[in-house]
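This report refers to the structure that appears directly beneath it.
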Amino acid sequence: MDMALVGRIEELRRLSVPALKVKYREVFGEETKSSHKQYLFRRIAWQLQAQLEGGLSKRALGRAARIADDSDLRIGGPKGFWSWPDQARTTSPRPLSEIHRDGRLPQSGTLLTRRHQGREVVVKVLDEGFEYQSQHYRSLSAIAFEVTGTRWNGLLFFGLTERRRG
């Protein structure tokens, strides 16, 4: 890569968002609506490189256009997205029987135990969440954090799963 281009790209890294917007207007000849610094930096850097070394080939541009034509684009928002506040809510909370429960968790009422730094940690599994020291927690990870002071995978901490080896 041309060292002058590398220098110009390094200068871009130090620019603020307003300065990147000005640079975007210089390079592309149009305003940008984005204020995302990383996006602006990458677009400008790519365009500068494309101007110096050439952009995508016609074949690559054609392939990208074909992929875009074949994609399934959502033309409407998700269900209920366009509802107004004064309309009555038509959905109700799912009953407990329909709520997905992690298959690695034991049945409600089971006591999970773990020794940590010489003390016994006992957690009761509930229908929704867990109980530790008479307090309700939504996750085992929150309890593991409470016990250790560091972030843990709760299932791993209580021995309900094993660490995956890469």
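Chain labels run A, B, ... following the order of the structure tokens; each chain numbers its residues from 1, and ligands are numbered from 1 in the order shown.
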Stretch 10-72 of chain A: residues DSSP assigns to alpha helix (DSSP H), reported as a PyMOL selection string = chain A and resi 10-13+17-28+37-53+58-70
key: Contact residues around A:Phe158 with only C-alpha atoms at 8 Å, ignoring same-chain residues under 6 positions, as a ChimeraX atom specification   = /A:112-114
task = Just the residues within 9 Å of A:Ile44, please, counting only C-alpha atoms, with nothing from its chain fewer than 3 positions along; format it as a VMD selection string.
result = chain A and resid 9 12 20 23 to 24 27 to 28 39 to 41 47 to 49
Dump N, CA, C and O atoms for the selected residues as a PDB file, in the first residue's frame?
ATOM      1  N   ILE A   9      -4.732   7.835   6.070  1.00  0.00           N
ATOM      2  CA  ILE A   9      -5.666   7.026   6.868  1.00  0.00           C
ATOM      3  C   ILE A   9      -5.366   7.206   8.353  1.00  0.00           C
ATOM      4  O   ILE A   9      -6.291   7.310   9.175  1.00  0.00           O
ATOM      5  N   LEU A  12      -6.927  10.273   9.576  1.00  0.00           N
ATOM      6  CA  LEU A  12      -8.372  10.114   9.771  1.00  0.00           C
ATOM      7  C   LEU A  12      -8.688   9.604  11.171  1.00  0.00           C
ATOM      8  O   LEU A  12      -9.698   9.990  11.765  1.00  0.00           O
ATOM      9  N   LEU A  20     -14.734  14.372  10.576  1.00  0.00           N
ATOM     10  CA  LEU A  20     -14.948  13.239   9.667  1.00  0.00           C
ATOM     11  C   LEU A  20     -16.119  13.522   8.721  1.00  0.00           C
ATOM     12  O   LEU A  20     -16.072  13.137   7.552  1.00  0.00           O
ATOM     13  N   LYS A  23     -14.751  15.713   6.043  1.00  0.00           N
ATOM     14  CA  LYS A  23     -13.912  14.906   5.155  1.00  0.00           C
ATOM     15  C   LYS A  23     -14.784  14.023   4.259  1.00  0.00           C
ATOM     16  O   LYS A  23     -14.500  13.845   3.072  1.00  0.00           O
ATOM     17  N   TYR A  24     -15.871  13.477   4.814  1.00  0.00           N
ATOM     18  CA  TYR A  24     -16.801  12.647   4.043  1.00  0.00           C
ATOM     19  C   TYR A  24     -17.366  13.458   2.883  1.00  0.00           C
ATOM     20  O   TYR A  24     -17.449  12.976   1.758  1.00  0.00           O
ATOM     21  N   VAL A  27     -14.724  13.831   0.186  1.00  0.00           N
ATOM     22  CA  VAL A  27     -14.403  12.593  -0.542  1.00  0.00           C
ATOM     23  C   VAL A  27     -15.570  12.114  -1.395  1.00  0.00           C
ATOM     24  O   VAL A  27     -15.386  11.714  -2.544  1.00  0.00           O
ATOM     25  N   PHE A  28     -16.793  12.156  -0.861  1.00  0.00           N
ATOM     26  CA  PHE A  28     -17.949  11.603  -1.558  1.00  0.00           C
ATOM     27  C   PHE A  28     -18.768  12.651  -2.309  1.00  0.00           C
ATOM     28  O   PHE A  28     -19.620  12.310  -3.115  1.00  0.00           O
ATOM     29  N   TYR A  39     -17.920   4.076  11.545  1.00  0.00           N
ATOM     30  CA  TYR A  39     -18.513   3.944  10.207  1.00  0.00           C
ATOM     31  C   TYR A  39     -17.920   4.978   9.257  1.00  0.00           C
ATOM     32  O   TYR A  39     -17.501   4.650   8.137  1.00  0.00           O
ATOM     33  N   LEU A  40     -17.884   6.245   9.694  1.00  0.00           N
ATOM     34  CA  LEU A  40     -17.349   7.313   8.844  1.00  0.00           C
ATOM     35  C   LEU A  40     -15.881   7.061   8.507  1.00  0.00           C
ATOM     36  O   LEU A  40     -15.468   7.189   7.350  1.00  0.00           O
ATOM     37  N   PHE A  41     -15.106   6.683   9.509  1.00  0.00           N
ATOM     38  CA  PHE A  41     -13.693   6.401   9.283  1.00  0.00           C
ATOM     39  C   PHE A  41     -13.517   5.305   8.232  1.00  0.00           C
ATOM     40  O   PHE A  41     -12.749   5.439   7.283  1.00  0.00           O
ATOM     41  N   GLN A  47     -12.822   4.480   0.600  1.00  0.00           N
ATOM     42  CA  GLN A  47     -12.957   5.285  -0.615  1.00  0.00           C
ATOM     43  C   GLN A  47     -11.615   5.860  -1.051  1.00  0.00           C
ATOM     44  O   GLN A  47     -11.303   5.880  -2.244  1.00  0.00           O
ATOM     45  N   LEU A  48     -10.810   6.319  -0.095  1.00  0.00           N
ATOM     46  CA  LEU A  48      -9.481   6.835  -0.439  1.00  0.00           C
ATOM     47  C   LEU A  48      -8.630   5.734  -1.078  1.00  0.00           C
ATOM     48  O   LEU A  48      -7.940   5.972  -2.076  1.00  0.00           O
ATOM     49  N   GLN A  49      -8.693   4.537  -0.505  1.00  0.00           N
ATOM     50  CA  GLN A  49      -7.941   3.418  -1.061  1.00  0.00           C
ATOM     51  C   GLN A  49      -8.472   3.046  -2.438  1.00  0.00           C
ATOM     52  O   GLN A  49      -7.699   2.778  -3.358  1.00  0.00           O
TER      53      GLN A  49
END
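By only C-alpha atoms, and with residues fewer than 2 positions from A:Asp127 along its chain excluded, the set lying at most 8 Å from it is Ser108, Val125 and Gly129 of chain A.
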Writing out the chosen residues with C-alpha atoms as a short mmCIF file (atom, residue, chain, number, x, y, z; two decimals), in the first residue's frame:
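Everything below was put into result18.cif:
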data_model
loop_
_atom_site.label_atom_id
_atom_site.label_comp_id
_atom_site.auth_asym_id
_atom_site.auth_seq_id
_atom_site.Cartn_x
_atom_site.Cartn_y
_atom_site.Cartn_z
CA SER A 108 -37.81 -26.75 40.77
CA VAL A 125 -33.99 -23.82 42.04
CA GLY A 129 -35.19 -18.02 38.99
#
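For A:Leu156, the list of residues within 10 Å, based on only C-alpha atoms and with local chain neighbours fewer than 5 positions off taken out, reads Leu140, Ser141, Ala144, Thr161, Glu162 and Arg163 of chain A.
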task = Work out how far atom CA of A:Glu10 is from atom CA of A:Ser35, in Å to one decimal.
result = 19.3 Å
